[in-house]
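Peer 1: Got a structure for you, written out below as structure tokens; questions coming shortly.
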Amino acid sequence: MKKKTLLFGLVLGSVAVSVYFYAYKNHRNIATEKADFSLTISNLQADFTQNDSIANAKYLDNTIEIYGKISNIDLESNGIVVDDKLFATFNSVVSNKLIVGQPIKLKGRFLGYDDLLEEFKMDQVTIIE
């Protein structure tokens with residue numbers, strides 16, 4: 001009886017530790033990750049036009065570098081619109097040095113394509129110099 005109780009306690013303890021480490025794993029730091037893909041917005045759009053299922057499987061939740069020109073700056077949501085097709089949200093306050101029409105290179109996590117607004121979404125974006 002003692003062996004069964006001890007064995008049950010060990011199994012229960014190991015399951016509890018496994019669940020804890022699975023639930024509380026470290027968060028990704030996109031700024032320090034190496035980009036999985038480097039492309040322009042027109043390349044991204046071409047991939048989604050060709051086959052959106054394959055493009056979603058390829059880019060979704062991956063770190064990407066993207067090139068384009070700033071179309072709009074949204075100070076309220078700490079984001080910018082690039083080439084009228086990509087909405088990128090920064091973790092920090094948007095820099096005052098950004099200018100509409102300025103070419104820009106961004107790195108962030110790709111969230112997908114928003115059918116309603118007809119734009120791509122990225123978050124945790126940083127500017128690559």
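Residue numbering restarts at 1 in every chain; chains get A, B, ... in the order shown in the structure tokens, and ligands count up from 1 in that same order.
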Mind checking which residues fall within 8 Å of segment 79-86 of chain A, counting only C-alpha atoms, ignoring those fewer than 5 positions away in the same chain, and posting them as a ChimeraX atom specification?

Peer 2: /A:41,68-74,94,118-122

Peer 1: Would you list the contacts of Asn78 of chain A as JSON, numbers by chain, taking every protein, DNA or RNA residue within 8 Å and counting only C-alpha atoms, but skipping same-chain residues closer than 5 positions in sequence?

Peer 2: {"A": [89, 90, 91, 92, 93, 94]}

Peer 1: Quick one: residues within 8 Å of segment 103-105 of chain A, only C-alpha atoms, excluding same-chain residues fewer than 2 positions away - as a ChimeraX atom specification?

Peer 2: /A:65-70,101,107,127-129

Peer 1: What does the structure give for the distance between atom CA of Ser53 of chain A and atom CA of Ser38 of chain A, in Å to one decimal?

Peer 2: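 Between these atoms lies a distance of 19.4 Å.
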
Peer 1: Could you tell me which of A:Phe87, A:Phe48, A:Phe110, A:Tyr22 comes closest to Ile64 of chain A if we count only C-alpha atoms?

Peer 2: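 Of A:Phe87, A:Phe48, A:Phe110, A:Tyr22, the one nearest Ile64 of chain A is A:Phe110, counting only C-alpha atoms.
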